[in-house]
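Trainee: File follows, structure-v7.txt with compact mmCIF, C-alpha atoms:
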```txt
# COMPACT_ATOMS: atom_id res chain seq x y z
CA MET A 105 38.59 22.81 29.33
CA LYS A 106 37.01 23.05 32.75
CA THR A 107 33.64 21.39 32.23
CA ASP A 108 32.28 21.40 35.76
CA SER A 109 32.11 25.14 36.45
CA ASN A 110 28.67 26.69 36.88
CA VAL A 111 29.12 29.16 34.04
CA TYR A 112 30.15 26.42 31.62
CA THR A 113 27.25 24.20 32.65
CA ILE A 114 24.64 26.92 32.24
CA THR A 115 26.08 28.13 28.94
CA TYR A 116 26.24 24.57 27.64
CA ALA A 117 22.65 23.84 28.58
CA THR A 118 21.43 27.08 27.00
CA VAL A 119 23.29 26.57 23.74
CA LEU A 120 22.17 22.94 23.49
CA VAL A 121 18.53 23.77 24.08
CA VAL A 122 18.58 26.63 21.56
CA ILE A 123 20.15 24.38 18.90
CA VAL A 124 17.59 21.64 19.52
CA ALA A 125 14.70 24.12 19.52
CA VAL A 126 15.76 25.61 16.18
CA LEU A 127 16.25 22.14 14.71
CA LEU A 128 12.79 20.97 15.79
CA ALA A 129 11.13 24.16 14.59
CA VAL A 130 12.74 23.77 11.16
CA VAL A 131 11.77 20.09 10.88
CA SER A 132 8.23 20.84 11.95
CA GLN A 133 7.83 23.71 9.47
CA VAL A 134 9.33 21.76 6.56
CA LEU A 135 7.15 18.69 7.12
CA LYS A 136 3.93 20.50 8.04
CA PRO A 137 2.39 20.77 4.54
CA ARG A 138 2.95 17.06 3.93
CA GLN A 139 1.48 16.10 7.31
CA GLU A 140 -1.58 18.27 6.78
CA ALA A 141 -2.08 16.79 3.32
CA ASN A 142 -1.87 13.32 4.89
CA GLN A 143 -4.42 14.21 7.55
CA ARG A 144 -6.79 15.65 4.96
CA LEU A 145 -6.45 12.62 2.75
CA ASP A 146 -7.06 10.39 5.75
CA VAL A 147 -10.33 12.15 6.58
CA GLN A 148 -11.38 12.00 2.92
CA LYS A 149 -10.72 8.25 2.83
CA GLN A 150 -12.73 7.76 6.01
CA ILE A 151 -15.68 9.66 4.55
CA LEU A 152 -15.48 7.66 1.33
CA THR A 153 -15.45 4.46 3.37
CA ALA A 154 -18.50 5.65 5.31
CA LEU A 155 -20.20 6.20 1.95
CA ASN A 156 -19.30 2.64 0.91
CA VAL A 157 -17.28 4.03 -2.00
CA ASP A 158 -14.43 1.80 -3.11
CA TYR A 159 -11.42 4.02 -3.72
CA SER A 160 -8.78 1.30 -4.09
CA SER A 161 -8.59 1.64 -7.87
CA ALA A 162 -8.97 5.42 -8.09
CA ASP A 163 -7.35 8.54 -6.70
CA PRO A 164 -9.26 9.03 -3.41
CA ALA A 165 -8.76 12.81 -3.37
CA ALA A 166 -10.18 13.26 -6.89
CA LEU A 167 -13.06 10.90 -6.17
CA TYR A 168 -13.82 12.82 -2.99
CA GLU A 169 -13.85 16.17 -4.82
CA GLN A 170 -16.24 14.67 -7.32
CA ILE A 171 -18.92 13.35 -4.99
CA VAL A 172 -18.58 15.14 -1.65
CA GLU A 173 -19.48 18.73 -0.90
CA GLU A 174 -18.19 20.13 2.39
CA GLN A 175 -20.61 22.21 4.40
CA THR A 176 -21.05 23.16 8.02
CA PHE A 177 -24.07 23.14 10.24
CA GLY A 178 -23.46 25.69 12.95
CA GLU A 179 -20.13 24.59 14.39
CA LEU A 180 -20.44 21.05 13.11
CA PRO A 181 -18.95 19.70 9.90
CA LEU A 182 -21.44 18.32 7.41
CA TYR A 183 -20.62 16.49 4.21
CA VAL A 184 -23.20 16.22 1.48
CA ALA A 185 -22.51 13.50 -1.04
CA HIS A 186 -24.18 12.67 -4.32
CA ILE A 187 -23.99 9.02 -5.23
CA ASP A 188 -25.89 7.63 -8.21
CA GLY A 189 -28.30 10.55 -8.11
CA ALA A 190 -29.13 10.12 -4.42
CA THR A 191 -28.13 12.56 -1.70
CA LYS A 192 -26.36 11.26 1.39
CA TYR A 193 -25.51 13.24 4.50
CA VAL A 194 -22.30 12.40 6.32
CA LEU A 195 -22.08 13.40 9.98
CA ARG A 196 -19.02 13.31 12.17
CA LEU A 197 -19.00 11.20 15.35
CA LYS A 198 -16.68 11.67 18.30
CA GLY A 199 -16.39 9.67 21.50
CA GLN A 200 -14.27 7.77 23.98
CA GLY A 201 -13.18 4.14 23.77
CA LEU A 202 -11.30 2.12 26.35
CA TRP A 203 -7.79 3.54 25.94
CA GLY A 204 -8.36 6.73 24.00
CA GLY A 205 -10.55 8.60 21.59
CA ILE A 206 -12.72 6.95 18.98
CA TRP A 207 -14.39 8.68 16.07
CA GLY A 208 -16.36 7.92 12.97
CA TYR A 209 -18.43 9.16 10.09
CA VAL A 210 -21.99 8.06 9.54
CA ALA A 211 -23.69 8.42 6.17
CA LEU A 212 -27.47 8.83 6.24
CA ASP A 213 -29.94 8.50 3.41
CA GLU A 214 -31.94 11.51 2.27
CA ASP A 215 -34.62 10.75 4.89
CA LYS A 216 -32.00 11.51 7.55
CA ASN A 217 -33.08 8.33 9.26
CA THR A 218 -31.65 5.27 7.50
CA ILE A 219 -27.95 4.55 7.97
CA TYR A 220 -26.43 4.13 4.53
CA GLY A 221 -22.89 3.51 5.69
CA ILE A 222 -20.62 4.09 8.66
CA ASN A 223 -16.94 4.11 9.43
CA PHE A 224 -15.03 4.04 12.69
CA GLY A 225 -11.54 5.01 13.73
CA HIS A 226 -9.69 4.78 17.02
CA GLU A 227 -6.54 6.05 18.66
CA SER A 228 -5.37 3.03 20.59
CA GLU A 229 -8.04 0.39 21.17
CA THR A 230 -6.82 -3.16 21.85
CA PRO A 231 -5.91 -4.90 18.58
CA GLY A 232 -8.10 -7.93 18.03
CA LEU A 233 -10.75 -6.61 20.42
CA GLY A 234 -11.77 -2.94 20.48
CA ALA A 235 -9.78 -2.21 17.35
CA GLU A 236 -12.09 -4.54 15.42
CA ILE A 237 -14.72 -1.77 15.30
CA THR A 238 -12.99 -0.58 12.14
CA THR A 239 -13.65 -3.87 10.34
CA GLU A 240 -16.24 -4.43 7.63
CA ASN A 241 -17.80 -7.08 9.86
CA PHE A 242 -18.67 -4.54 12.56
CA ARG A 243 -19.46 -1.61 10.26
CA SER A 244 -21.91 -3.60 8.17
CA ARG A 245 -24.03 -4.36 11.23
CA PHE A 246 -25.27 -0.75 11.10
CA PHE A 247 -26.25 -0.65 7.44
CA GLY A 248 -29.97 -0.08 6.93
CA LYS A 249 -30.66 0.62 10.63
CA HIS A 250 -32.85 3.58 11.53
CA ILE A 251 -31.77 6.25 13.99
CA ASN A 252 -35.35 7.35 14.70
CA ASP A 253 -38.07 5.30 16.30
CA ALA A 254 -41.44 4.76 14.64
CA GLU A 255 -42.75 8.12 15.91
CA GLY A 256 -39.79 9.97 14.46
CA HIS A 257 -37.95 10.64 17.71
CA LEU A 258 -34.19 10.60 17.47
CA ARG A 259 -33.07 7.49 19.36
CA SER A 260 -29.70 6.57 17.80
CA VAL A 261 -28.82 2.89 17.35
CA ALA A 262 -27.97 0.87 20.45
CA VAL A 263 -24.81 -1.24 20.53
CA LEU A 264 -25.66 -4.09 22.87
CA LYS A 265 -24.26 -7.44 23.88
CA ALA A 266 -25.79 -10.25 21.86
CA GLY A 267 -29.00 -11.34 23.56
CA LYS A 268 -29.80 -8.01 25.20
CA LYS A 269 -32.80 -6.01 24.04
CA ALA A 270 -32.86 -2.27 23.48
CA ASP A 271 -35.62 -0.06 24.90
CA ASP A 272 -38.78 -0.16 22.85
CA GLY A 273 -38.58 1.54 19.51
CA GLN A 274 -34.81 1.78 19.38
CA GLU A 275 -32.97 -0.29 16.79
CA GLN A 276 -29.88 -2.17 17.86
CA VAL A 277 -26.77 -3.97 16.65
CA ASP A 278 -24.61 -6.58 18.36
CA ALA A 279 -21.56 -5.33 20.23
CA TRP A 280 -18.13 -6.77 19.43
CA ALA A 281 -17.64 -9.75 21.71
CA GLY A 282 -14.88 -9.15 24.23
CA ALA A 283 -14.78 -5.41 23.62
CA THR A 284 -17.43 -4.29 26.07
CA ILE A 285 -16.08 -0.85 26.91
CA THR A 286 -15.25 0.04 23.32
CA SER A 287 -18.71 -1.09 22.24
CA THR A 288 -20.32 1.00 24.97
CA GLY A 289 -18.14 3.86 23.74
CA VAL A 290 -19.50 3.42 20.22
CA ASN A 291 -23.04 3.35 21.62
CA ASP A 292 -22.53 6.59 23.57
CA MET A 293 -20.66 8.24 20.70
CA LEU A 294 -23.56 7.57 18.31
CA LEU A 295 -26.14 8.91 20.75
CA ASN A 296 -24.15 12.01 21.75
CA SER A 297 -22.97 12.95 18.29
CA LEU A 298 -26.35 12.42 16.66
CA THR A 299 -27.95 14.49 19.40
CA GLU A 300 -25.55 17.31 18.53
CA TYR A 301 -26.91 17.16 15.01
CA ALA A 302 -30.51 16.93 16.24
CA GLU A 303 -31.55 20.26 14.78
CA PHE A 304 -30.20 19.31 11.38
CA LEU A 305 -31.79 15.88 11.54
CA ASN A 306 -35.16 17.44 12.35
CA GLN A 307 -35.21 19.65 9.27
CA LYS A 308 -37.27 17.23 7.28
CA PRO A 309 -38.96 18.72 4.27
CA ALA A 310 -39.96 15.32 3.00
CA CYS A 311 -41.36 13.96 6.26
CA PRO A 312 -44.46 14.95 8.23
CA ALA A 313 -43.83 17.24 11.17
CA THR A 314 -42.90 15.32 14.29
CA PRO A 315 -43.21 16.23 17.94
CA GLU A 316 -39.81 17.21 19.24
CA THR A 317 -38.09 15.51 22.12
CA PRO A 318 -37.05 17.67 25.11
CA GLU A 319 -33.39 17.07 24.16
CA VAL A 320 -33.95 18.57 20.77
CA GLU A 321 -35.64 21.65 22.17
CA GLU A 322 -32.72 22.19 24.45
CA MET A 323 -30.30 22.03 21.56
CA GLU A 324 -32.33 24.53 19.59
CA VAL A 325 -32.31 27.02 22.43
CA GLU A 326 -28.57 26.68 22.73
CA ASN A 327 -28.04 27.17 19.05
CA ALA A 328 -30.40 30.14 18.94
CA GLU A 329 -28.24 31.97 21.43
CA MET B 202 38.24 -4.38 8.73
CA LEU B 203 36.51 -3.82 12.05
CA SER B 204 38.51 -4.05 15.23
CA LYS B 205 37.65 -6.73 17.76
CA GLN B 206 36.17 -4.16 20.12
CA THR B 207 33.94 -2.70 17.42
CA LYS B 208 32.72 -6.14 16.44
CA GLU B 209 32.01 -6.98 20.05
CA ALA B 210 30.05 -3.71 20.42
CA PHE B 211 27.78 -4.84 17.58
CA LEU B 212 27.51 -8.59 18.17
CA GLY B 213 27.36 -8.61 21.98
CA PRO B 214 23.86 -7.11 22.26
CA LEU B 215 22.51 -9.52 19.65
CA ASN B 216 23.04 -12.53 21.87
CA ALA B 217 25.20 -12.71 25.00
CA ASN B 218 24.33 -9.21 26.19
CA ASN B 219 20.89 -8.76 24.65
CA PRO B 220 19.19 -5.66 26.09
CA VAL B 221 15.81 -7.35 26.52
CA LEU B 222 16.87 -10.89 27.42
CA VAL B 223 19.87 -10.25 29.62
CA GLN B 224 19.60 -6.67 30.81
CA ILE B 225 15.77 -6.82 30.96
CA LEU B 226 15.47 -3.31 29.49
CA GLY B 227 12.72 -1.97 27.25
CA ILE B 228 10.20 -4.53 28.49
CA CYS B 229 7.35 -2.00 28.73
CA SER B 230 7.29 -1.21 25.03
CA ALA B 231 7.92 -4.87 24.18
CA LEU B 232 4.58 -5.61 25.81
CA ALA B 233 2.71 -2.74 24.22
CA VAL B 234 3.49 -3.03 20.51
CA THR B 235 3.79 -6.79 19.99
CA VAL B 236 0.16 -7.69 19.37
CA GLN B 237 0.83 -7.51 15.65
CA LEU B 238 3.97 -7.95 13.60
CA LYS B 239 3.86 -4.71 11.60
CA PRO B 240 3.95 -2.21 14.48
CA ALA B 241 6.59 -4.36 16.17
CA LEU B 242 8.77 -4.15 13.06
CA VAL B 243 8.36 -0.39 12.74
CA MET B 244 9.01 0.04 16.45
CA GLY B 245 12.15 -2.10 16.20
CA ILE B 246 13.45 -0.10 13.23
CA SER B 247 12.60 3.25 14.87
CA VAL B 248 14.36 2.31 18.11
CA THR B 249 17.39 1.05 16.16
CA ILE B 250 17.68 4.32 14.23
CA ILE B 251 17.18 6.46 17.31
CA VAL B 252 19.55 4.55 19.60
CA ALA B 253 22.25 4.51 16.89
CA LEU B 254 21.91 8.24 16.16
CA ALA B 255 21.71 9.17 19.84
CA ASN B 256 24.82 7.09 20.53
CA VAL B 257 26.67 8.89 17.72
CA VAL B 258 25.61 12.36 18.86
CA ILE B 259 26.50 11.70 22.50
CA ALA B 260 29.82 10.09 21.54
CA LEU B 261 30.64 13.14 19.43
CA ILE B 262 30.03 15.63 22.23
CA ARG B 263 30.90 13.31 25.15
CA LYS B 264 34.06 15.21 26.13
CA SER B 265 32.28 18.56 26.29
CA ILE B 266 29.25 17.44 28.33
CA PRO B 267 29.28 18.84 31.88
CA MET B 268 29.13 15.82 34.18
CA ARG B 269 26.47 17.29 36.44
CA ILE B 270 23.88 17.68 33.71
CA ARG B 271 24.88 14.75 31.51
CA ILE B 272 21.61 12.86 32.01
CA ILE B 273 19.62 15.94 31.02
CA VAL B 274 21.80 16.43 27.94
CA GLN B 275 21.22 12.79 26.96
CA LEU B 276 17.51 13.19 27.48
CA VAL B 277 17.38 16.33 25.32
CA VAL B 278 19.24 14.57 22.50
CA VAL B 279 16.95 11.52 22.69
CA ALA B 280 13.79 13.62 22.90
CA ALA B 281 14.84 15.70 19.90
CA LEU B 282 15.59 12.61 17.81
CA VAL B 283 12.34 10.91 18.78
CA THR B 284 10.34 14.01 17.89
CA ILE B 285 12.05 14.24 14.50
CA VAL B 286 11.44 10.56 13.73
CA SER B 287 7.82 10.93 14.79
CA GLU B 288 7.35 13.98 12.54
CA ILE B 289 8.98 12.19 9.59
CA LEU B 290 6.73 9.17 10.07
CA LYS B 291 3.66 11.43 10.12
CA ALA B 292 4.77 13.02 6.86
CA PHE B 293 5.87 9.92 4.96
CA ALA B 294 4.25 6.88 6.61
CA TYR B 295 0.99 8.28 7.98
CA ASP B 296 -0.76 4.92 8.41
CA VAL B 297 2.09 3.48 10.44
CA ALA B 298 2.40 6.65 12.51
CA MET B 299 -1.30 6.46 13.37
CA GLN B 300 -0.97 2.79 14.29
CA LEU B 301 1.99 3.38 16.61
CA SER B 302 0.44 6.62 17.91
CA VAL B 303 1.74 7.20 21.42
CA TYR B 304 4.39 4.48 21.36
CA ILE B 305 6.76 6.48 19.14
CA GLY B 306 6.73 9.25 21.71
CA LEU B 307 7.30 6.67 24.42
CA ILE B 308 10.61 5.64 22.82
CA ILE B 309 11.98 8.55 24.86
CA THR B 310 11.31 6.55 27.99
CA ASN B 311 12.73 3.32 26.58
CA CYS B 312 15.37 2.34 29.12
CA ILE B 313 17.63 0.89 26.41
CA LEU B 314 18.33 4.36 25.06
CA MET B 315 19.38 6.03 28.28
CA GLY B 316 21.15 2.83 29.30
CA ARG B 317 23.32 2.73 26.18
CA LEU B 318 24.05 6.45 26.24
CA GLU B 319 25.13 6.41 29.86
CA ALA B 320 26.93 3.05 29.81
CA PHE B 321 28.55 3.13 26.38
CA ALA B 322 28.43 6.33 24.34
CA MET B 323 29.72 8.52 27.19
CA THR B 324 33.00 6.61 27.27
CA ASN B 325 33.54 5.26 23.75
CA ASN B 326 34.42 6.64 20.33
CA VAL B 327 31.90 7.42 17.60
CA LYS B 328 32.42 4.28 15.51
CA ASP B 329 32.06 1.86 18.41
CA SER B 330 29.05 3.78 19.69
CA LEU B 331 27.34 3.55 16.32
CA MET B 332 27.90 -0.21 16.24
CA ASP B 333 26.74 -0.55 19.83
CA GLY B 334 23.58 1.39 19.01
CA LEU B 335 22.84 -0.72 15.94
CA GLY B 336 23.54 -3.93 17.85
CA ASN B 337 21.25 -3.00 20.71
CA GLY B 338 18.54 -1.81 18.35
CA PHE B 339 18.64 -5.06 16.38
CA GLY B 340 18.80 -7.10 19.58
CA TYR B 341 15.66 -5.34 20.78
CA ALA B 342 13.88 -5.57 17.42
CA MET B 343 14.68 -9.28 17.23
CA ILE B 344 12.85 -10.04 20.48
CA LEU B 345 9.93 -7.81 19.49
CA VAL B 346 9.56 -9.66 16.21
CA ILE B 347 9.72 -13.10 17.85
CA VAL B 348 7.05 -12.16 20.41
CA ALA B 349 4.86 -10.34 17.87
CA PHE B 350 5.12 -13.27 15.44
CA LEU B 351 3.80 -15.70 18.05
CA ARG B 352 1.13 -13.33 19.35
CA GLU B 353 -0.30 -12.39 15.96
CA LEU B 354 -0.15 -15.98 14.69
CA LEU B 355 -1.77 -17.58 17.72
CA GLY B 356 -3.93 -14.64 18.77
CA SER B 357 -5.56 -13.70 15.48
CA GLY B 358 -4.33 -16.36 13.01
CA LYS B 359 -2.67 -13.70 10.87
CA LEU B 360 0.82 -12.48 10.01
CA LEU B 361 1.37 -8.85 8.94
CA GLY B 362 -2.40 -8.61 8.64
CA PHE B 363 -2.77 -11.54 6.23
CA GLN B 364 -4.74 -14.61 7.24
CA VAL B 365 -2.31 -17.54 7.48
CA ILE B 366 -4.34 -20.09 9.40
CA PRO B 367 -6.79 -21.45 6.80
CA GLN B 368 -10.54 -21.34 7.28
CA TRP B 369 -10.44 -25.15 7.18
CA CYS B 370 -8.91 -25.22 10.66
CA TYR B 371 -11.61 -22.93 12.08
CA ASP B 372 -14.29 -25.11 10.51
CA HIS B 373 -12.79 -28.07 12.35
CA GLY B 374 -12.83 -26.55 15.79
CA TYR B 375 -9.64 -24.47 15.97
CA THR B 376 -10.07 -21.13 17.74
CA ASN B 377 -7.73 -18.18 18.12
CA CYS B 378 -6.19 -17.82 21.55
CA GLY B 379 -7.70 -14.58 22.88
CA MET B 380 -5.20 -14.59 25.75
CA MET B 381 -2.43 -13.85 23.25
CA LEU B 382 -3.93 -10.42 22.65
CA MET B 383 -3.53 -9.46 26.29
CA PRO B 384 -0.35 -7.67 27.43
CA ALA B 385 0.18 -10.33 30.08
CA MET B 386 0.90 -12.96 27.42
CA ALA B 387 3.67 -10.79 25.98
CA LEU B 388 5.36 -10.86 29.37
CA ILE B 389 4.96 -14.63 29.60
CA LEU B 390 6.33 -15.06 26.07
CA VAL B 391 9.30 -12.80 26.82
CA GLY B 392 9.83 -14.96 29.91
CA CYS B 393 9.84 -18.12 27.75
CA VAL B 394 12.33 -16.57 25.32
CA ILE B 395 14.58 -15.57 28.24
CA TRP B 396 14.31 -19.12 29.61
CA ALA B 397 15.29 -20.65 26.27
CA HIS B 398 18.10 -18.15 25.83
CA ARG B 399 19.54 -18.77 29.30
CA SER B 400 19.46 -22.54 29.06
CA LEU B 401 21.15 -22.47 25.63
CA ASN B 402 23.87 -20.10 26.82
CA ASP B 403 24.49 -22.14 29.96
CA LYS B 404 25.17 -25.20 27.87
CA GLU B 405 27.80 -23.31 25.92
CA GLY B 406 29.42 -22.20 29.17
CA LYS B 407 29.77 -25.71 30.60
```
Spit out the file's structure as structure tokens when you get a sec.

Mentor:
Amino acid sequence: MKTDSNVYTITYATVLVVIVAVLLAVVSQVLKPRQEANQRLDVQKQILTALNVDYSSADPAALYEQIVEEQTFGELPLYVAHIDGATKYVLRLKGQGLWGGIWGYVALDEDKNTIYGINFGHESETPGLGAEITTENFRSRFFGKHINDAEGHLRSVAVLKAGKKADDGQEQVDAWAGATITSTGVNDMLLNSLTEYAEFLNQKPACPATPETPEVEEMEVENAE
Amino acid sequence: MLSKQTKEAFLGPLNANNPVLVQILGICSALAVTVQLKPALVMGISVTIIVALANVVIALIRKSIPMRIRIIVQLVVVAALVTIVSEILKAFAYDVAMQLSVYIGLIITNCILMGRLEAFAMTNNVKDSLMDGLGNGFGYAMILVIVAFLRELLGSGKLLGFQVIPQWCYDHGYTNCGMMLMPAMALILVGCVIWAHRSLNDKEGK
């Protein structure tokens, strides 16, 4: 067989590519339901972790169905959980770390101010440094912190190097030593994502009306359109 | 049972012709995934499977491949296999797939693969190519595991995620070596392994 003619080369390349394309399409289609189920389960586990629910001895999917109700607020996902008679709101966080994306879920108490629990995930932060944001040690630093200042303005929680002080009124936690950029990423992610939810966080039937920050007004205008 | 040539195809890359130590191939991924033992193991196994399968496929069709586009054909075969392995991991070992994230995709660019396809599978039969692929995969995995073992142990005091250095040591002034978590230390460790390997092999030669 003459394998170096142009016709043979082009035909060969075409046939090969078509075979590979069909093969990949089939594999992708066959595995898709399983992959989507995995992704869903992964998100459910993250939300349960943010709610400080131990799912190691139970079926996480069933547990999730039982306590979490999925809602949306505008474009944003919102998870309402009922734990021991109390309502918790879980908000999604999204941001940038050092090497790639970071994300998380923060669970707030009914006052939409106190952090009940939080969970972080990352694409590819440095193991032992930035990747440690997923550990209990780091997560627990946020528990009980308030995202509003005393006047009720949304301020988020600052993630700062040990020894540094946040602006007045803002609560803070220690950054992970050695992971400066990832910690700054967590700081920015909290501020940005919570600001996205500002309108939701301001709907406070239980709390006295609070003067709104300019940021919040801006968000409302955007959403109204 | 196995001919001498087949045996050599398998055993050579494990020691005398190790892809990482002697040919200095696949260094980039050896640096990236060796902070912890678990991803290093999965990476080693994935590369072994892919290089063995790619060798078999290329050896099967080696006589029909047009010489002018042979590199592209090899690349297509490797890329297809890597994508399939990545999809399978996402479906059946989601945690591991998330941990390895981009590195699975980067197997495509692992020089060992193209090196073996071009240097071995293009000119050898299917059985020898399979053994060559397995040998090179294991040879690569071996180095990854050695480096990852040292880095995880000294860098975070753990192995496979379990604490192995007791709290007692930390209480008495022992600290983890943060340098071990940096990619640069992987390169230095690989250098040390190469050094040890060379000096041992030289002795045998004399």

Trainee: Which one of A:Asp163, A:Asp272, A:Glu240, A:Glu255 sits closest to Gly221 of chain A if you count all atoms listed in the file?

Mentor: A:Glu240

Trainee: Give me the residues within 9 Å of Ala281 of chain B as JSON, numbers by chain, counting all atoms listed in the file and dropping any in the same chain fewer than 5 places off.

Mentor: {"A": [124, 125, 127, 128], "B": [276, 286]}

Trainee: At a cut-off of 12 Å from (-11.3, 0.3, 18.2) in the coordinates of the file, what residues are picked up using all atoms listed in the file, written as a PyMOL selection string?

Mentor: (chain A and resi 199-208+223-239+242-243+279-280+282-290) or (chain B and resi 300)

Trainee: Hey, can you spit out that residue selection with C-alpha atoms as a CSV table (one decimal), in the frame of the given file?

Mentor:
```csv
chain,number,residue,atom,x,y,z
A,199,GLY,CA,-16.4,9.7,21.5
A,200,GLN,CA,-14.3,7.8,24.0
A,201,GLY,CA,-13.2,4.1,23.8
A,202,LEU,CA,-11.3,2.1,26.4
A,203,TRP,CA,-7.8,3.5,25.9
A,204,GLY,CA,-8.4,6.7,24.0
A,205,GLY,CA,-10.6,8.6,21.6
A,206,ILE,CA,-12.7,7.0,19.0
A,207,TRP,CA,-14.4,8.7,16.1
A,208,GLY,CA,-16.4,7.9,13.0
A,223,ASN,CA,-16.9,4.1,9.4
A,224,PHE,CA,-15.0,4.0,12.7
A,225,GLY,CA,-11.5,5.0,13.7
A,226,HIS,CA,-9.7,4.8,17.0
A,227,GLU,CA,-6.5,6.0,18.7
A,228,SER,CA,-5.4,3.0,20.6
A,229,GLU,CA,-8.0,0.4,21.2
A,230,THR,CA,-6.8,-3.2,21.8
A,231,PRO,CA,-5.9,-4.9,18.6
A,232,GLY,CA,-8.1,-7.9,18.0
A,233,LEU,CA,-10.8,-6.6,20.4
A,234,GLY,CA,-11.8,-2.9,20.5
A,235,ALA,CA,-9.8,-2.2,17.4
A,236,GLU,CA,-12.1,-4.5,15.4
A,237,ILE,CA,-14.7,-1.8,15.3
A,238,THR,CA,-13.0,-0.6,12.1
A,239,THR,CA,-13.6,-3.9,10.3
A,242,PHE,CA,-18.7,-4.5,12.6
A,243,ARG,CA,-19.5,-1.6,10.3
A,279,ALA,CA,-21.6,-5.3,20.2
A,280,TRP,CA,-18.1,-6.8,19.4
A,282,GLY,CA,-14.9,-9.2,24.2
A,283,ALA,CA,-14.8,-5.4,23.6
A,284,THR,CA,-17.4,-4.3,26.1
A,285,ILE,CA,-16.1,-0.8,26.9
A,286,THR,CA,-15.2,0.0,23.3
A,287,SER,CA,-18.7,-1.1,22.2
A,288,THR,CA,-20.3,1.0,25.0
A,289,GLY,CA,-18.1,3.9,23.7
A,290,VAL,CA,-19.5,3.4,20.2
B,300,GLN,CA,-1.0,2.8,14.3
```

Trainee: One number please: atom CA of Leu195 of chain A to atom CA of Leu182 of chain A, in Å, one decimal.

Mentor: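 Taking atom CA of Leu195 of chain A as the start and atom CA of Leu182 of chain A as the end point, the length is 5.6 Å.
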
Trainee: Residues of chain A within 6 Å of chain B, counting all atoms listed in the file - could you list those as a ChimeraX atom specification?

Mentor: /A:107-108,113,138-139

Trainee: Separation of atom CA of Gly316 of chain B and atom CA of Leu215 of chain B, in Å?

Mentor: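 Computing it gives 15.7 Å between the two atoms.
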
Trainee: So that I can see what lies close to segment 186-193 of chain A, please list as an NGL selection string the residues with an atom at most 12 Å from it, counting all atoms listed in the file and leaving out residues fewer than 6 positions away in the same chain.

Mentor: :A and (151-152 or 154-157 or 167-177 or 209-222 or 301 or 304-305)

Trainee: Assuming 4 Å of padding per side, give the centre and edge lengths of the axis-aligned box around every listed atom of segment 396-401 of chain B, in Å to one decimal and as JSON.

Mentor:
```
{"center_x": 17.7, "center_y": -20.3, "center_z": 27.6, "size_x": 14.8, "size_y": 12.4, "size_z": 12.0}
```

Trainee: Of the residues B:Gln206, B:Ala320, B:Val394, B:Ile251, which is the one nearest to Leu351 of chain B, using all atoms listed in the file?

Mentor: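 So, comparing all the options, the nearest one is B:Val394.
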
Trainee: Between B:Asn377, B:Asn219, B:Ser330, B:Gln275, single out the one closest to Ala260 of chain B, counting only C-alpha atoms.

Mentor: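 Nearest candidate to Ala260 of chain B out of B:Asn377, B:Asn219, B:Ser330, B:Gln275: B:Ser330.
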
Trainee: Just how far from atom CA of Ala185 of chain A is atom CA of Leu258 of chain A, in Å to one decimal?

Mentor: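 So the two atoms, atom CA of Leu258 of chain A and atom CA of Ala185 of chain A, lie 22.1 Å apart.
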
Trainee: Could you give me, as a ChimeraX atom specification, the residues that sit within 7 Å of (12.6, -5.9, 16.5) in the file's coordinates, counting all atoms listed in the file?

Mentor: /B:241-242,244-246,339,341-346

Trainee: Once N, CA and C atoms are restored for segment 363-371 of chain B, what would the output be as a tab-separated table (two decimals), in the coordinates of the input?

Mentor:
```tsv
chain	number	residue	atom	x	y	z
B	363	PHE	N	-2.21	-10.55	7.17
B	363	PHE	CA	-2.77	-11.54	6.23
B	363	PHE	C	-3.14	-12.82	6.97
B	364	GLN	N	-4.28	-13.37	6.62
B	364	GLN	CA	-4.74	-14.61	7.24
B	364	GLN	C	-3.79	-15.74	6.85
B	365	VAL	N	-3.18	-16.41	7.82
B	365	VAL	CA	-2.31	-17.54	7.48
B	365	VAL	C	-2.88	-18.88	7.93
B	366	ILE	N	-3.71	-18.84	8.99
B	366	ILE	CA	-4.34	-20.09	9.40
B	366	ILE	C	-5.60	-20.26	8.56
B	367	PRO	N	-5.69	-21.32	7.75
B	367	PRO	CA	-6.79	-21.45	6.80
B	367	PRO	C	-8.13	-21.63	7.49
B	368	GLN	N	-9.18	-21.23	6.78
B	368	GLN	CA	-10.54	-21.34	7.28
B	368	GLN	C	-10.86	-22.78	7.66
B	369	TRP	N	-10.22	-23.73	6.95
B	369	TRP	CA	-10.44	-25.15	7.18
B	369	TRP	C	-10.26	-25.51	8.66
B	370	CYS	N	-9.20	-24.92	9.27
B	370	CYS	CA	-8.91	-25.22	10.66
B	370	CYS	C	-10.02	-24.71	11.57
B	371	TYR	N	-10.54	-23.49	11.25
B	371	TYR	CA	-11.61	-22.93	12.08
B	371	TYR	C	-12.86	-23.78	11.95
```
